[in-house]
Every structure is written in structure tokens, then in C-alpha cells.
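Asker: I am attaching a structure below and will ask some questions about it afterwards.
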Amino acid sequence: MSFGPQEWELAPERVAELLATGAVELVDVREPYEFEAGHVEGARHVPLERLSEEAASIPHDRPLVFQCRVGARSAMAAQAFRAAGFDAYNLSGGLVEWAAHGLPLSPEGGTVADH
């Protein structure tokens, strides 16, 4: 699936739609304490420092959306994976924007932790 050559940043609502249909794999690159405080249901947690170690286990058969707190760390991950041939995107604005748009966090009552 391709979202267009210029569109490697995806808005929270678009990511929510794609997740609901199973069209993408969401990879949360935040620290463990950040993930535990609140995350998107179904996100795969791979802290940024372990991403290169676990790259072989990340699916290559569907688009990836990387996510962090505000989008900076995940943008680096998305760019690196794009350079490696993956169909990779970044959640624009990260989890802060996700929550600002009223999209759900897990567990119930989850929050966006400070970095």
C-alpha cells in the first residue's frame, strides 16, 4: 500500500482508520515507562535503541507506522526503515497529537508520559 511519495507523515485520524482495518503495523519506539503510561491498542513496542536489533522481526509485507511522544524519534525510525526498503511512515505529532484528537489510549485511563 502506498500513501503517496510526499505523504510519509500520517495524521492521527488516518492512522486510526488504517489500524482499524489492519492495513498497517504500528511500532511504538518510546521508552518502556512511556509505553506503560499509555499506548495505542495493538501497537508493537520496540524501544528506539533496540530497533536495529529487532528489525528482522518487523513485518516487511505491510506498511509500518512509527510512533513516539511527539514524532521526532519515530520520524528518524521511519526514515531509516524507508531507506532500508520498508514502506514506512511516521505518526504526525506522535502520541501527543493522537490524544489531542481524542483517540483512545490503553490501558483505560492511560496518559502520555513526559519524555
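FYI, nothing fancy with the C-alpha cells labels: chains A, B, ... in order, residues from 1 per chain, ligands from 1 as they appear.
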Could the residues of stretch 26-70 of chain A that have an atom at most 7 Å from stretch 107-113 of chain A be listed as a tab-separated table, each with its closest atom pair and the distance in Å to one decimal, counting only C-alpha atoms and ordered by chain and ascending residue number?

Answerer:
residue	atom	partner	partner_atom	distance
A:Glu34	CA	A:Ala113	CA	5.1
A:Ala37	CA	A:Thr111	CA	5.5
A:Gly38	CA	A:Gly110	CA	4.1

Asker: Name all residues at most 8 Å from stretch 54-61 of chain A (count only C-alpha atoms; drop same-chain ones fewer than 4 positions away) and give them as a ChimeraX atom specification.

Answerer: /A:25,46,50,86-87

Asker: Stretch 30-113 of chain A: which residues are strand (DSSP E) by DSSP, as a PyMOL selection string?

Answerer: chain A and resi 44-45+64-67+88-91

Asker: Can you tell me which residues surround A:Arg69 at a distance of at most 6 Å, considering only C-alpha atoms, apart from same-chain residues fewer than 3 positions away, and format the answer as a PyMOL selection string?

Answerer: chain A and resi 94-96

Asker: I need the residues from that last selection saved to file as a PDB file, in the first residue's frame (with N, CA and C atoms), if you can.

Answerer:
ATOM      1  N   GLY A  94       2.967  12.503  16.879  1.00  0.00           N
ATOM      2  CA  GLY A  94       3.103  11.440  17.869  1.00  0.00           C
ATOM      3  C   GLY A  94       1.883  11.229  18.741  1.00  0.00           C
ATOM      4  N   LEU A  95       2.128  10.623  19.890  1.00  0.00           N
ATOM      5  CA  LEU A  95       1.036  10.285  20.801  1.00  0.00           C
ATOM      6  C   LEU A  95       0.382  11.528  21.397  1.00  0.00           C
ATOM      7  N   VAL A  96       1.116  12.630  21.463  1.00  0.00           N
ATOM      8  CA  VAL A  96       0.527  13.877  21.957  1.00  0.00           C
ATOM      9  C   VAL A  96      -0.622  14.288  21.040  1.00  0.00           C
TER      10      VAL A  96
END

Asker: Can you list, as a list in words, every protein, DNA or RNA residue that comes within 8 Å of A:Val27 when you count only C-alpha atoms, leaving out same-chain residues fewer than 3 positions away?

Answerer: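 Once the adjacent positions are removed, what remains is Ala43, Arg44, His45, Val46, Leu64, Val65, Phe66 and Gln67 of chain A.
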
Asker: Using only C-alpha atoms, pick whichever of A:Gly93, A:Pro63, A:Ala84, A:Glu7 has the shortest atom-to-atom distance to A:Leu19.

Answerer: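 Result for the nearest residue to A:Leu19: A:Pro63.
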
Asker: What does the distance from atom CA of A:Glu36 to atom CA of A:Asn90 come to in Å, to one decimal?

Answerer: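 Separation of atom CA of A:Glu36 and atom CA of A:Asn90: 20.6 Å.
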
Asker: As a ChimeraX atom specification, which residues of stretch 14-105 of chain A does DSSP assign to helix (DSSP H, G or I)?

Answerer: /A:14-20,32-37,48-57,72-83,94-100
